[in-house]
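Let me begin by presenting the structure, written as structure tokens, before commenting on it.
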Amino acid sequence: MIYLQLLLSFLQIGLFSFGGGYAAMPLIQEQIVDIHGWLDMEQFTDLITISQMTPGPIAINSATFVGIRIAGISGALVASAGCILPSCVIVVLLAKLYLKYENMDVLQSVLNSLRPAVVAMIASAGISILVTAFWGNSAVIDLTKTNWSLVVIFLVSLVFLQKLKWNPVLVMVLAGVMKLAVAVIQGQG
Amino acid sequence: MRSKKEVLIKLFISTLYLSAFTFGGGYVIVTLMKKKFVDQYHWIEENEMLDLVAIAQSSPGAIAVNGAIVVGYKLAGMVGAVTAIIATIIPPFLIISLISVFYNAFRNSFLISQLLEGMQAGVGAVIASVVYEMAAGVVCGKNPVSILIMAGAFAATCFFGVNVVYVVLACGLIGVVRTIIERKGEKK
């Protein structure tokens, strides 16, 4: 049963994520956090963080990570297969059609309409990640319980990325080191 | 002529290598594939590669996987596609399997948990910066329909908790309708 659920969930992730990179993130969050509760928001954020630091697409990384935790190696294989299957069918079909007609007008137009929506959905997923980082897993925004050190680290990271154009992985590692330094200093104080 | 077996072996090794050492997402791996298969092996022509990349980017799913499928298929049919997929999947599968086994021990260590917590804020910043650039691109396009879609999709997913699958389907439909309207306009 669990294999079927994993397969169906990751089929949807594979089928409905357009645009690569972060585009799969909102779908993964919906399937594995909101609908099935296989990971909580904090674990999901860790997963995204780990995905950023290791090679491989976020969707495949998530399939492996969730699959193994829920149903071992076979779970990981089932989830990964589910994630890839729609791509296989659609890419091969499109390649055939393309070689035949060399016309992708409708497809281009569909993509043009999807792109702004994908941006919006990534923004929503990013907001849930930040809410979890700043206020913990309770999902209740209580300003008195804000983790201010993480808010500051977030703002500093933004400056490094936007103004200084640093490499994202480097900025993430730096953010981790800053938090560790704060924790050590607070521990001594 | 090169033998099919030789093509498959070279395809397997080069996709495995690209997948293991490519950090930073699908667009990067697609560029590296072009370097390998167009510039180095001369197996695919430059223009054709651009079209194949377009197909990889227009299809749903991870771009790295789609790129591997389309290149593998072009070079050696279905066998080539399967070979390329397996090679692309192996590196992330192994790495994440290892990490997930150690994740709990990892998370319970004070040092690592503090690092991960800080990195959550860092990844939030990375996403914010990516979103800012992408949204600026949409706004600069000055297409009112696109801007409306972006605002609508944001409200739907962030405030009303609408399932993202429905958002994708609705926007795909809008795209089809837009093409039909444009074509009718051209006829008149």
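By convention in this document, the chains of the structure tokens carry letters A, B, ... by their order, each chain's residues are numbered from 1, and ligands are numbered from 1 in the order they are shown.
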
Tell me the residues of chain B close to chain A, meaning within 6 Å using only C-alpha atoms, as an MDAnalysis selection string. chainID B and resid 20 22:23 25 60:63 92:93 100 114:116 118:119 121:122 124:125 127 146 149:150 153:154 158 171:172 175:176

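Backbone DSSP of range 129-164 of chain A yields helix (DSSP H, G or I) at Ile129, Leu130, Val131, Thr132, Ala133, Phe134, Trp135, Gly136, Asn137, Ser138, Leu143, Thr144, Lys145, Trp148, Ser149, Leu150, Val151, Val152, Ile153, Phe154, Leu155, Val156, Ser157, Leu158, Val159, Phe160, Leu161 and Gln162 of chain A.
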
Please produce an output containing C-alpha atoms for each residue in the selection, written as a PDB file, in the first residue's frame.
```
ATOM      1  CA  ILE A 129      10.361  27.612   4.657  1.00  0.00           C
ATOM      2  CA  LEU A 130      11.098  31.028   6.173  1.00  0.00           C
ATOM      3  CA  VAL A 131       8.099  30.839   8.534  1.00  0.00           C
ATOM      4  CA  THR A 132       9.411  27.479   9.777  1.00  0.00           C
ATOM      5  CA  ALA A 133      12.915  28.876  10.221  1.00  0.00           C
ATOM      6  CA  PHE A 134      11.756  31.981  12.106  1.00  0.00           C
ATOM      7  CA  TRP A 135       8.867  30.576  14.171  1.00  0.00           C
ATOM      8  CA  GLY A 136       9.501  26.821  14.321  1.00  0.00           C
ATOM      9  CA  ASN A 137       7.175  24.025  13.340  1.00  0.00           C
ATOM     10  CA  SER A 138       4.108  25.287  15.221  1.00  0.00           C
ATOM     11  CA  LEU A 143       6.247  37.776  17.198  1.00  0.00           C
ATOM     12  CA  THR A 144       7.444  37.247  20.793  1.00  0.00           C
ATOM     13  CA  LYS A 145       8.733  33.794  19.827  1.00  0.00           C
ATOM     14  CA  TRP A 148      15.749  36.833  15.726  1.00  0.00           C
ATOM     15  CA  SER A 149      19.217  35.427  15.112  1.00  0.00           C
ATOM     16  CA  LEU A 150      17.832  33.537  12.095  1.00  0.00           C
ATOM     17  CA  VAL A 151      16.057  36.673  10.821  1.00  0.00           C
ATOM     18  CA  VAL A 152      19.386  38.534  10.925  1.00  0.00           C
ATOM     19  CA  ILE A 153      21.213  35.634   9.259  1.00  0.00           C
ATOM     20  CA  PHE A 154      18.543  35.603   6.536  1.00  0.00           C
ATOM     21  CA  LEU A 155      19.008  39.326   5.861  1.00  0.00           C
ATOM     22  CA  VAL A 156      22.807  39.056   5.854  1.00  0.00           C
ATOM     23  CA  SER A 157      22.582  36.093   3.427  1.00  0.00           C
ATOM     24  CA  LEU A 158      20.328  38.151   1.147  1.00  0.00           C
ATOM     25  CA  VAL A 159      22.931  40.920   1.011  1.00  0.00           C
ATOM     26  CA  PHE A 160      25.681  38.403   0.165  1.00  0.00           C
ATOM     27  CA  LEU A 161      23.552  36.965  -2.635  1.00  0.00           C
ATOM     28  CA  GLN A 162      22.044  40.107  -4.133  1.00  0.00           C
TER      29      GLN A 162
END
```

What is the CA of Met25 in chain A to CA of Val167 in chain B distance in Å? 14.2 Å

Test item: residues at most 10 Å from Gln5 in chain A, only C-alpha atoms, excluding those fewer than 5 positions along its chain, as a PyMOL selection string: chain A and resi 10-11+36+78-79

Just give me the gap between CA of Ile29 in chain B and CA of Leu52 in chain B in Å, one decimal is fine.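 Computing it gives 13.4 Å between the two atoms.
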
Please measure the separation of CA of Tyr17 in chain B and CA of Val30 in chain B, giving the value in Å to one decimal.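 Result for CA of Tyr17 in chain B versus CA of Val30 in chain B: 13.1 Å, one decimal.
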
Close residues, Ala76 in chain B itself excluded, 12 Å, only C-alpha atoms, min 5 positions apart in chain, as a PyMOL selection string: chain B and resi 2-12+43-44+68-71+81-84
